[in-house]
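Source file: entry.json; contents: JSON, C-alpha atoms.
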[["chain", "number", "residue", "atom", "x", "y", "z"],
["B", 267, "MET", "CA", 49.48, -13.41, 32.80],
["B", 268, "LEU", "CA", 46.14, -11.77, 33.33],
["B", 269, "PHE", "CA", 45.83, -8.84, 35.69],
["B", 270, "VAL", "CA", 42.46, -8.06, 37.07],
["B", 271, "GLN", "CA", 41.89, -4.61, 38.38],
["B", 272, "VAL", "CA", 39.50, -4.50, 41.29],
["B", 273, "ARG", "CA", 37.81, -1.25, 42.08],
["B", 274, "ARG", "CA", 36.32, -0.59, 45.43],
["B", 275, "VAL", "CA", 32.79, 0.54, 45.05],
["B", 276, "VAL", "CA", 31.60, 2.87, 47.73],
["B", 277, "ASP", "CA", 28.06, 2.18, 48.76],
["B", 278, "GLY", "CA", 26.43, 5.60, 48.60],
["B", 279, "ARG", "CA", 23.62, 4.57, 50.94],
["B", 280, "ARG", "CA", 26.06, 3.45, 53.60],
["B", 281, "LEU", "CA", 28.06, 6.67, 53.26],
["B", 282, "ARG", "CA", 24.91, 8.81, 53.51],
["B", 283, "GLY", "CA", 23.80, 6.75, 56.51],
["B", 284, "GLU", "CA", 27.12, 7.41, 58.28],
["B", 285, "GLN", "CA", 26.89, 11.11, 57.45],
["B", 286, "ARG", "CA", 23.34, 11.27, 58.81],
["B", 287, "ARG", "CA", 24.38, 9.40, 61.95],
["B", 288, "ASN", "CA", 27.22, 11.88, 62.54],
["B", 289, "GLU", "CA", 24.85, 14.82, 61.98],
["B", 290, "LEU", "CA", 22.50, 13.35, 64.57],
["B", 291, "LEU", "CA", 25.32, 12.93, 67.07],
["B", 292, "ARG", "CA", 26.38, 16.57, 66.55],
["B", 293, "ALA", "CA", 22.76, 17.62, 67.04],
["B", 294, "THR", "CA", 22.63, 15.55, 70.23],
["B", 295, "LEU", "CA", 25.66, 17.40, 71.59],
["B", 296, "THR", "CA", 24.00, 20.68, 70.66],
["B", 297, "VAL", "CA", 20.92, 19.69, 72.67],
["B", 298, "ILE", "CA", 23.11, 18.63, 75.61],
["B", 299, "GLU", "CA", 24.98, 21.95, 75.44],
["B", 300, "ARG", "CA", 21.69, 23.82, 75.56],
["B", 301, "ASP", "CA", 19.55, 21.66, 77.87],
["B", 302, "GLY", "CA", 21.78, 19.03, 79.46],
["B", 303, "VAL", "CA", 21.41, 15.27, 79.19],
["B", 304, "ALA", "CA", 17.95, 15.54, 80.76],
["B", 305, "GLY", "CA", 16.83, 17.61, 77.76],
["B", 306, "VAL", "CA", 17.71, 14.95, 75.20],
["B", 307, "SER", "CA", 14.74, 13.40, 73.47],
["B", 308, "HIS", "CA", 14.24, 12.05, 69.97],
["B", 309, "ARG", "CA", 12.04, 15.06, 69.26],
["B", 310, "ALA", "CA", 14.59, 17.60, 70.56],
["B", 311, "VAL", "CA", 17.43, 16.06, 68.55],
["B", 312, "ALA", "CA", 15.24, 15.84, 65.45],
["B", 313, "ALA", "CA", 14.45, 19.54, 65.78],
["B", 314, "ALA", "CA", 18.14, 20.42, 66.24],
["B", 315, "ALA", "CA", 19.11, 18.33, 63.20],
["B", 316, "ASP", "CA", 16.09, 19.48, 61.18],
["B", 317, "VAL", "CA", 15.04, 15.90, 60.41],
["B", 318, "SER", "CA", 12.06, 13.74, 61.22],
["B", 319, "VAL", "CA", 11.83, 11.82, 64.48],
["B", 320, "ALA", "CA", 11.69, 8.64, 62.38],
["B", 321, "SER", "CA", 15.17, 9.42, 61.07],
["B", 322, "ILE", "CA", 16.51, 9.53, 64.61],
["B", 323, "THR", "CA", 14.77, 6.35, 65.73],
["B", 324, "TYR", "CA", 16.01, 4.55, 62.61],
["B", 325, "HIS", "CA", 19.62, 5.16, 63.62],
["B", 326, "PHE", "CA", 19.11, 5.22, 67.40],
["B", 327, "PRO", "CA", 16.01, 3.25, 68.46],
["B", 328, "THR", "CA", 16.31, 4.27, 72.12],
["B", 329, "LEU", "CA", 17.52, 7.37, 73.90],
["B", 330, "ASP", "CA", 20.07, 5.19, 75.60],
["B", 331, "ASP", "CA", 21.47, 4.17, 72.20],
["B", 332, "LEU", "CA", 21.68, 7.83, 71.25],
["B", 333, "LEU", "CA", 23.41, 8.91, 74.48],
["B", 334, "VAL", "CA", 25.87, 6.01, 74.38],
["B", 335, "ALA", "CA", 26.80, 6.85, 70.79],
["B", 336, "ALA", "CA", 27.10, 10.54, 71.69],
["B", 337, "LEU", "CA", 29.46, 9.68, 74.55],
["B", 338, "ARG", "CA", 31.64, 7.53, 72.31],
["B", 339, "SER", "CA", 31.68, 10.13, 69.56],
["B", 340, "ALA", "CA", 32.51, 12.95, 71.98],
["B", 341, "ALA", "CA", 35.29, 10.86, 73.56],
["B", 342, "ASP", "CA", 36.81, 10.20, 70.13],
["B", 343, "ASP", "CA", 36.59, 13.88, 69.14],
["B", 344, "LEU", "CA", 38.12, 15.02, 72.42],
["B", 345, "ALA", "CA", 40.98, 12.53, 72.09],
["B", 346, "VAL", "CA", 41.79, 13.83, 68.60],
["B", 347, "GLU", "CA", 41.61, 17.47, 69.73],
["B", 348, "LEU", "CA", 43.74, 16.93, 72.82],
["B", 349, "HIS", "CA", 46.30, 14.89, 70.93],
["B", 350, "GLY", "CA", 46.81, 17.85, 68.60],
["B", 351, "ARG", "CA", 46.99, 20.29, 71.50],
["B", 352, "GLY", "CA", 49.49, 18.15, 73.42],
["B", 353, "SER", "CA", 51.97, 18.31, 70.59],
["B", 354, "GLU", "CA", 51.73, 22.15, 70.51],
["B", 355, "LEU", "CA", 52.69, 22.98, 74.11],
["B", 356, "GLY", "CA", 55.73, 25.01, 73.08],
["B", 357, "ALA", "CA", 58.40, 26.63, 75.25],
["B", 358, "ARG", "CA", 56.10, 27.57, 78.15],
["B", 359, "PRO", "CA", 53.91, 24.49, 78.57],
["B", 360, "ALA", "CA", 52.26, 25.60, 81.83],
["B", 361, "ASP", "CA", 51.02, 28.78, 80.11],
["B", 362, "GLU", "CA", 49.78, 26.74, 77.15],
["B", 363, "LEU", "CA", 48.01, 24.36, 79.51],
["B", 364, "ALA", "CA", 46.31, 27.28, 81.25],
["B", 365, "ARG", "CA", 45.22, 28.61, 77.85],
["B", 366, "LEU", "CA", 43.80, 25.18, 76.98],
["B", 367, "ILE", "CA", 41.76, 25.20, 80.18],
["B", 368, "GLU", "CA", 40.63, 28.76, 79.55],
["B", 369, "HIS", "CA", 39.67, 27.83, 75.99],
["B", 370, "SER", "CA", 37.58, 24.95, 77.35],
["B", 371, "VAL", "CA", 35.80, 27.16, 79.87],
["B", 372, "VAL", "CA", 35.37, 30.37, 77.89],
["B", 373, "ARG", "CA", 35.28, 29.72, 74.14],
["B", 374, "ARG", "CA", 33.95, 26.16, 74.30],
["B", 375, "ARG", "CA", 31.96, 26.41, 77.50],
["B", 376, "GLY", "CA", 28.82, 24.77, 76.13],
["B", 377, "ARG", "CA", 30.75, 21.89, 74.62],
["B", 378, "THR", "CA", 32.78, 21.41, 77.81],
["B", 379, "LEU", "CA", 29.57, 21.33, 79.87],
["B", 380, "ALA", "CA", 28.11, 18.77, 77.46],
["B", 381, "LEU", "CA", 31.21, 16.61, 77.74],
["B", 382, "TYR", "CA", 31.11, 16.67, 81.53],
["B", 383, "GLU", "CA", 27.40, 15.80, 81.48],
["B", 384, "LEU", "CA", 28.16, 12.79, 79.31],
["B", 385, "TYR", "CA", 31.11, 11.94, 81.54],
["B", 386, "LEU", "CA", 28.83, 11.90, 84.58],
["B", 387, "TYR", "CA", 26.21, 9.94, 82.64],
["B", 388, "ALA", "CA", 28.85, 7.24, 82.22],
["B", 389, "ALA", "CA", 29.39, 7.17, 85.99],
["B", 390, "ARG", "CA", 25.93, 5.64, 86.29],
["B", 391, "ARG", "CA", 26.52, 3.18, 83.47],
["B", 392, "PRO", "CA", 29.25, 0.58, 84.20],
["B", 393, "GLU", "CA", 29.44, -0.46, 80.54],
["B", 394, "LEU", "CA", 30.39, 3.12, 79.58],
["B", 395, "ARG", "CA", 33.11, 3.65, 82.14],
["B", 396, "GLU", "CA", 35.83, 2.38, 79.83],
["B", 397, "THR", "CA", 34.75, 4.80, 77.11],
["B", 398, "ALA", "CA", 34.59, 7.68, 79.57],
["B", 399, "GLY", "CA", 37.96, 6.66, 81.01],
["B", 400, "ALA", "CA", 39.43, 6.86, 77.51],
["B", 401, "TRP", "CA", 39.06, 10.65, 77.80],
["B", 402, "LEU", "CA", 41.74, 10.59, 80.46],
["B", 403, "GLU", "CA", 44.42, 9.10, 78.23],
["B", 404, "PRO", "CA", 45.08, 12.15, 76.00],
["B", 405, "LEU", "CA", 45.06, 14.38, 79.09],
["B", 406, "THR", "CA", 47.50, 12.05, 80.80],
["B", 407, "GLU", "CA", 49.76, 12.17, 77.72],
["B", 408, "ILE", "CA", 49.84, 15.96, 78.06],
["B", 409, "ALA", "CA", 50.52, 15.64, 81.81],
["B", 410, "ARG", "CA", 53.47, 13.34, 81.04],
["B", 411, "THR", "CA", 55.19, 16.28, 79.35],
["B", 412, "PHE", "CA", 55.43, 17.84, 82.82],
["B", 413, "THR", "CA", 56.51, 14.80, 84.83],
["B", 414, "ALA", "CA", 57.95, 11.36, 84.21],
["B", 415, "ASP", "CA", 56.17, 10.01, 87.29],
["B", 416, "PRO", "CA", 52.95, 8.23, 86.15],
["B", 417, "GLN", "CA", 51.22, 8.83, 89.50],
["B", 418, "LYS", "CA", 51.96, 12.55, 89.38],
["B", 419, "ALA", "CA", 50.67, 12.69, 85.78],
["B", 420, "ARG", "CA", 47.36, 11.09, 86.89],
["B", 421, "LEU", "CA", 47.15, 13.52, 89.83],
["B", 422, "LEU", "CA", 47.73, 16.48, 87.49],
["B", 423, "VAL", "CA", 44.85, 15.29, 85.31],
["B", 424, "ALA", "CA", 42.60, 14.93, 88.36],
["B", 425, "ALA", "CA", 43.55, 18.42, 89.56],
["B", 426, "LEU", "CA", 42.91, 19.90, 86.10],
["B", 427, "ASP", "CA", 39.50, 18.21, 86.05],
["B", 428, "GLY", "CA", 38.78, 19.90, 89.36],
["B", 429, "LEU", "CA", 39.91, 23.29, 88.06],
["B", 430, "LEU", "CA", 37.69, 22.89, 85.01],
["B", 431, "MET", "CA", 34.66, 21.93, 87.10],
["B", 432, "GLN", "CA", 35.21, 24.84, 89.50],
["B", 433, "ALA", "CA", 35.58, 27.25, 86.61],
["B", 434, "LEU", "CA", 32.45, 25.90, 84.91],
["B", 435, "ILE", "CA", 30.32, 26.47, 88.00],
["B", 436, "GLY", "CA", 31.81, 29.92, 88.52],
["B", 437, "ALA", "CA", 33.54, 29.05, 91.79],
["B", 438, "ARG", "CA", 36.87, 30.31, 90.47],
["B", 439, "GLU", "CA", 38.42, 31.92, 87.43],
["B", 440, "ILE", "CA", 41.22, 30.30, 85.48],
["B", 441, "ASP", "CA", 44.49, 31.62, 86.78],
["B", 442, "GLN", "CA", 47.70, 30.85, 84.87],
["B", 443, "GLN", "CA", 49.67, 31.20, 88.10],
["B", 444, "ASP", "CA", 47.56, 28.46, 89.73],
["B", 445, "VAL", "CA", 48.18, 26.15, 86.80],
["B", 446, "ALA", "CA", 51.91, 26.90, 86.90],
["B", 447, "ALA", "CA", 52.01, 26.26, 90.65],
["B", 448, "LEU", "CA", 50.10, 23.01, 90.23],
["B", 449, "VAL", "CA", 52.49, 21.82, 87.54],
["B", 450, "GLN", "CA", 55.46, 22.81, 89.71],
["B", 451, "VAL", "CA", 54.14, 20.88, 92.71],
["B", 452, "LEU", "CA", 53.55, 17.76, 90.63],
["B", 453, "ARG", "CA", 56.87, 17.75, 88.75]]
Could you rewrite the structure in this file as structure tokens?
Amino acid sequence: MLFVQVRRVVDGRRLRGEQRRNELLRATLTVIERDGVAGVSHRAVAAAADVSVASITYHFPTLDDLLVAALRSAADDLAVELHGRGSELGARPADELARLIEHSVVRRRGRTLALYELYLYAARRPELRETAGAWLEPLTEIARTFTADPQKARLLVAALDGLLMQALIGAREIDQQDVAALVQVLR
């Protein structure tokens, strides 16, 4: 009996291409954090990534391609981050939830603004609504730790979105008591 050992050969060019693509998407989010979606151009992203414009247009021929990929990448990253956070709510979940919101508004303000800009960008693009809607699933999973009622979980997510938006525009500060009251109402 003859055994043949097959080794998987990793194509270095493909791997480098994926790495470059990911770098460009991170640079795109950096530009959105700084200048909003309106500030995204091939030239601006190239400057942020310290690459040539040709490198950007090779991977993302149009700005639309770049923004769509940035939305999908950001949605995937957020889902991973929130999934990890949801499993760490601890003994006082309402306090942890308030800290998560505060973290999003204070420590990750630029990234949260960029995510909301991409979220709103998807509102104008029907083909992106499913991707944008995927952001809601990890939040809804966290909300389900507070209530078994699916409708109440969706309402909690909607209310938290509102709190985040109000905090981002400076209309209100994050208040742990408000979050606790909201969770209590929706239990």
Please measure the separation of CA of Thr294 (chain B) and CA of Glu403 (chain B), giving the value in Å to one decimal. 24.1 Å
Go ahead and compute the interatomic distance for CA of Arg391 (chain B) and CA of Met431 (chain B), in Å to one decimal.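 So the answer is 20.8 Å.
Contact shell of Leu422 (chain B) at 8 Å (all atoms listed in the file; same-chain neighbours under 3 positions omitted): Ala409, Lys418, Ala419, Ala425, Leu426, Leu448, Val449 and Leu452 of chain B.
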Per residue of region 363-391 of chain B within 9 Å of region 337-341 of chain B, which atom pair is closest and at what distance in Å (one decimal), using only C-alpha atoms, listed by chain and increasing number, as a tab-separated table?
residue	atom	partner	partner_atom	distance
B:Leu381	CA	B:Ala340	CA	6.9
B:Leu384	CA	B:Leu337	CA	5.8
B:Tyr385	CA	B:Leu337	CA	7.5
B:Tyr387	CA	B:Leu337	CA	8.7
B:Ala388	CA	B:Leu337	CA	8.1
Selection above as a file: C-alpha atoms, as a tab-separated table (two decimals), keeping the file's coordinate frame:
chain	number	residue	atom	x	y	z
B	381	LEU	CA	31.21	16.61	77.74
B	384	LEU	CA	28.16	12.79	79.31
B	385	TYR	CA	31.11	11.94	81.54
B	387	TYR	CA	26.21	9.94	82.64
B	388	ALA	CA	28.85	7.24	82.22
Would you mind telling me which residue in B:Tyr324, B:Leu290, B:Val371, B:Arg279 lies nearest to Ala310 (chain B) when using only C-alpha atoms? B:Leu290
For CA of Arg377 (chain B) and CA of Gly399 (chain B), quote the distance in Å rounded to one decimal.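 Separating CA of Arg377 (chain B) from CA of Gly399 (chain B) is a distance of 18.0 Å.
Residue nearest Arg300 (chain B), chosen from B:Gly428, B:Pro416, B:Gly376, B:Gly283 and counting only C-alpha atoms: B:Gly376.
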With only C-alpha atoms as the counted atoms, please give the residues lying no more than 9 Å from Ala293 (chain B), apart from itself and same-chain residues fewer than 3 positions off, as a short mmCIF file (atom, residue, chain, number, x, y, z; two decimals) with C-alpha atoms, in the frame of the given file.
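New file part05.cif:
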data_model
loop_
_atom_site.label_atom_id
_atom_site.label_comp_id
_atom_site.auth_asym_id
_atom_site.auth_seq_id
_atom_site.Cartn_x
_atom_site.Cartn_y
_atom_site.Cartn_z
CA ASN B 288 27.22 11.88 62.54
CA GLU B 289 24.85 14.82 61.98
CA LEU B 290 22.50 13.35 64.57
CA THR B 296 24.00 20.68 70.66
CA VAL B 297 20.92 19.69 72.67
CA ILE B 298 23.11 18.63 75.61
CA ALA B 310 14.59 17.60 70.56
CA VAL B 311 17.43 16.06 68.55
CA ALA B 312 15.24 15.84 65.45
CA ALA B 313 14.45 19.54 65.78
CA ALA B 314 18.14 20.42 66.24
CA ALA B 315 19.11 18.33 63.20
#
Can you list, as a PyMOL selection string, every protein, DNA or RNA residue that comes within 9 Å of Ala364 (chain B) when you count all atoms listed in the file, leaving out same-chain residues fewer than 5 positions away? chain B and resi 359+369+440-446
Next, write the just-selected residues to a file, as a PDB file, in the coordinates of the input, keeping C-alpha atoms as the atom set.
ATOM      1  CA  PRO B 359      53.910  24.490  78.570  1.00  0.00           C
ATOM      2  CA  HIS B 369      39.670  27.830  75.990  1.00  0.00           C
ATOM      3  CA  ILE B 440      41.220  30.300  85.480  1.00  0.00           C
ATOM      4  CA  ASP B 441      44.490  31.620  86.780  1.00  0.00           C
ATOM      5  CA  GLN B 442      47.700  30.850  84.870  1.00  0.00           C
ATOM      6  CA  GLN B 443      49.670  31.200  88.100  1.00  0.00           C
ATOM      7  CA  ASP B 444      47.560  28.460  89.730  1.00  0.00           C
ATOM      8  CA  VAL B 445      48.180  26.150  86.800  1.00  0.00           C
ATOM      9  CA  ALA B 446      51.910  26.900  86.900  1.00  0.00           C
TER      10      ALA B 446
END
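Distance check against Gly305 (chain B) using only C-alpha atoms: of B:Ala360, B:Leu366, B:Ala380, B:Ile408, the minimum falls on B:Ala380.
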In terms of only C-alpha atoms, the residue from B:Leu434, B:Ile322, B:Val346, B:Ala447 at minimal distance from Ser307 (chain B) is B:Ile322
Output region 295-316 of chain B with N, CA, C and O atoms present, as a JSON list (two decimals), keeping the file's coordinate frame.
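Output contents, as saved in out.json:
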[["chain", "number", "residue", "atom", "x", "y", "z"],
["B", 295, "LEU", "N", 24.77, 16.58, 70.77],
["B", 295, "LEU", "CA", 25.66, 17.40, 71.59],
["B", 295, "LEU", "C", 25.16, 18.84, 71.69],
["B", 295, "LEU", "O", 25.28, 19.47, 72.75],
["B", 296, "THR", "N", 24.57, 19.34, 70.63],
["B", 296, "THR", "CA", 24.00, 20.68, 70.66],
["B", 296, "THR", "C", 22.87, 20.75, 71.68],
["B", 296, "THR", "O", 22.78, 21.71, 72.46],
["B", 297, "VAL", "N", 22.02, 19.73, 71.70],
["B", 297, "VAL", "CA", 20.92, 19.69, 72.67],
["B", 297, "VAL", "C", 21.48, 19.60, 74.09],
["B", 297, "VAL", "O", 21.01, 20.28, 75.01],
["B", 298, "ILE", "N", 22.51, 18.77, 74.28],
["B", 298, "ILE", "CA", 23.11, 18.63, 75.61],
["B", 298, "ILE", "C", 23.75, 19.95, 76.04],
["B", 298, "ILE", "O", 23.64, 20.35, 77.19],
["B", 299, "GLU", "N", 24.39, 20.64, 75.12],
["B", 299, "GLU", "CA", 24.98, 21.95, 75.44],
["B", 299, "GLU", "C", 23.90, 22.91, 75.93],
["B", 299, "GLU", "O", 24.11, 23.65, 76.88],
["B", 300, "ARG", "N", 22.77, 22.88, 75.27],
["B", 300, "ARG", "CA", 21.69, 23.82, 75.56],
["B", 300, "ARG", "C", 20.87, 23.41, 76.78],
["B", 300, "ARG", "O", 20.55, 24.24, 77.63],
["B", 301, "ASP", "N", 20.53, 22.11, 76.88],
["B", 301, "ASP", "CA", 19.55, 21.66, 77.87],
["B", 301, "ASP", "C", 20.04, 20.59, 78.82],
["B", 301, "ASP", "O", 19.28, 20.14, 79.68],
["B", 302, "GLY", "N", 21.28, 20.11, 78.63],
["B", 302, "GLY", "CA", 21.78, 19.03, 79.46],
["B", 302, "GLY", "C", 21.28, 17.68, 78.97],
["B", 302, "GLY", "O", 20.44, 17.59, 78.07],
["B", 303, "VAL", "N", 21.81, 16.63, 79.58],
["B", 303, "VAL", "CA", 21.41, 15.27, 79.19],
["B", 303, "VAL", "C", 19.92, 15.07, 79.41],
["B", 303, "VAL", "O", 19.25, 14.40, 78.62],
["B", 304, "ALA", "N", 19.38, 15.68, 80.46],
["B", 304, "ALA", "CA", 17.95, 15.54, 80.76],
["B", 304, "ALA", "C", 17.07, 16.10, 79.64],
["B", 304, "ALA", "O", 15.92, 15.70, 79.50],
["B", 305, "GLY", "N", 17.61, 17.02, 78.85],
["B", 305, "GLY", "CA", 16.83, 17.61, 77.76],
["B", 305, "GLY", "C", 16.85, 16.83, 76.46],
["B", 305, "GLY", "O", 16.21, 17.21, 75.49],
["B", 306, "VAL", "N", 17.60, 15.73, 76.43],
["B", 306, "VAL", "CA", 17.71, 14.95, 75.20],
["B", 306, "VAL", "C", 16.47, 14.09, 75.02],
["B", 306, "VAL", "O", 16.08, 13.33, 75.90],
["B", 307, "SER", "N", 15.85, 14.25, 73.89],
["B", 307, "SER", "CA", 14.74, 13.40, 73.47],
["B", 307, "SER", "C", 14.87, 13.23, 71.96],
["B", 307, "SER", "O", 15.57, 13.99, 71.30],
["B", 308, "HIS", "N", 14.19, 12.22, 71.43],
["B", 308, "HIS", "CA", 14.24, 12.05, 69.97],
["B", 308, "HIS", "C", 13.70, 13.31, 69.29],
["B", 308, "HIS", "O", 14.25, 13.77, 68.29],
["B", 309, "ARG", "N", 12.66, 13.87, 69.85],
["B", 309, "ARG", "CA", 12.04, 15.06, 69.26],
["B", 309, "ARG", "C", 12.99, 16.26, 69.31],
["B", 309, "ARG", "O", 13.12, 17.00, 68.33],
["B", 310, "ALA", "N", 13.67, 16.46, 70.43],
["B", 310, "ALA", "CA", 14.59, 17.60, 70.56],
["B", 310, "ALA", "C", 15.76, 17.47, 69.60],
["B", 310, "ALA", "O", 16.18, 18.45, 68.97],
["B", 311, "VAL", "N", 16.30, 16.27, 69.46],
["B", 311, "VAL", "CA", 17.43, 16.06, 68.55],
["B", 311, "VAL", "C", 16.97, 16.20, 67.11],
["B", 311, "VAL", "O", 17.67, 16.79, 66.28],
["B", 312, "ALA", "N", 15.78, 15.69, 66.81],
["B", 312, "ALA", "CA", 15.24, 15.84, 65.45],
["B", 312, "ALA", "C", 15.09, 17.32, 65.09],
["B", 312, "ALA", "O", 15.44, 17.73, 63.98],
["B", 313, "ALA", "N", 14.60, 18.11, 66.02],
["B", 313, "ALA", "CA", 14.45, 19.54, 65.78],
["B", 313, "ALA", "C", 15.82, 20.20, 65.56],
["B", 313, "ALA", "O", 15.98, 21.01, 64.65],
["B", 314, "ALA", "N", 16.80, 19.84, 66.38],
["B", 314, "ALA", "CA", 18.14, 20.42, 66.24],
["B", 314, "ALA", "C", 18.80, 20.02, 64.93],
["B", 314, "ALA", "O", 19.55, 20.80, 64.35],
["B", 315, "ALA", "N", 18.51, 18.81, 64.45],
["B", 315, "ALA", "CA", 19.11, 18.33, 63.20],
["B", 315, "ALA", "C", 18.25, 18.65, 61.99],
["B", 315, "ALA", "O", 18.66, 18.41, 60.86],
["B", 316, "ASP", "N", 17.05, 19.17, 62.24],
["B", 316, "ASP", "CA", 16.09, 19.48, 61.18],
["B", 316, "ASP", "C", 15.76, 18.24, 60.33],
["B", 316, "ASP", "O", 15.84, 18.27, 59.10]]
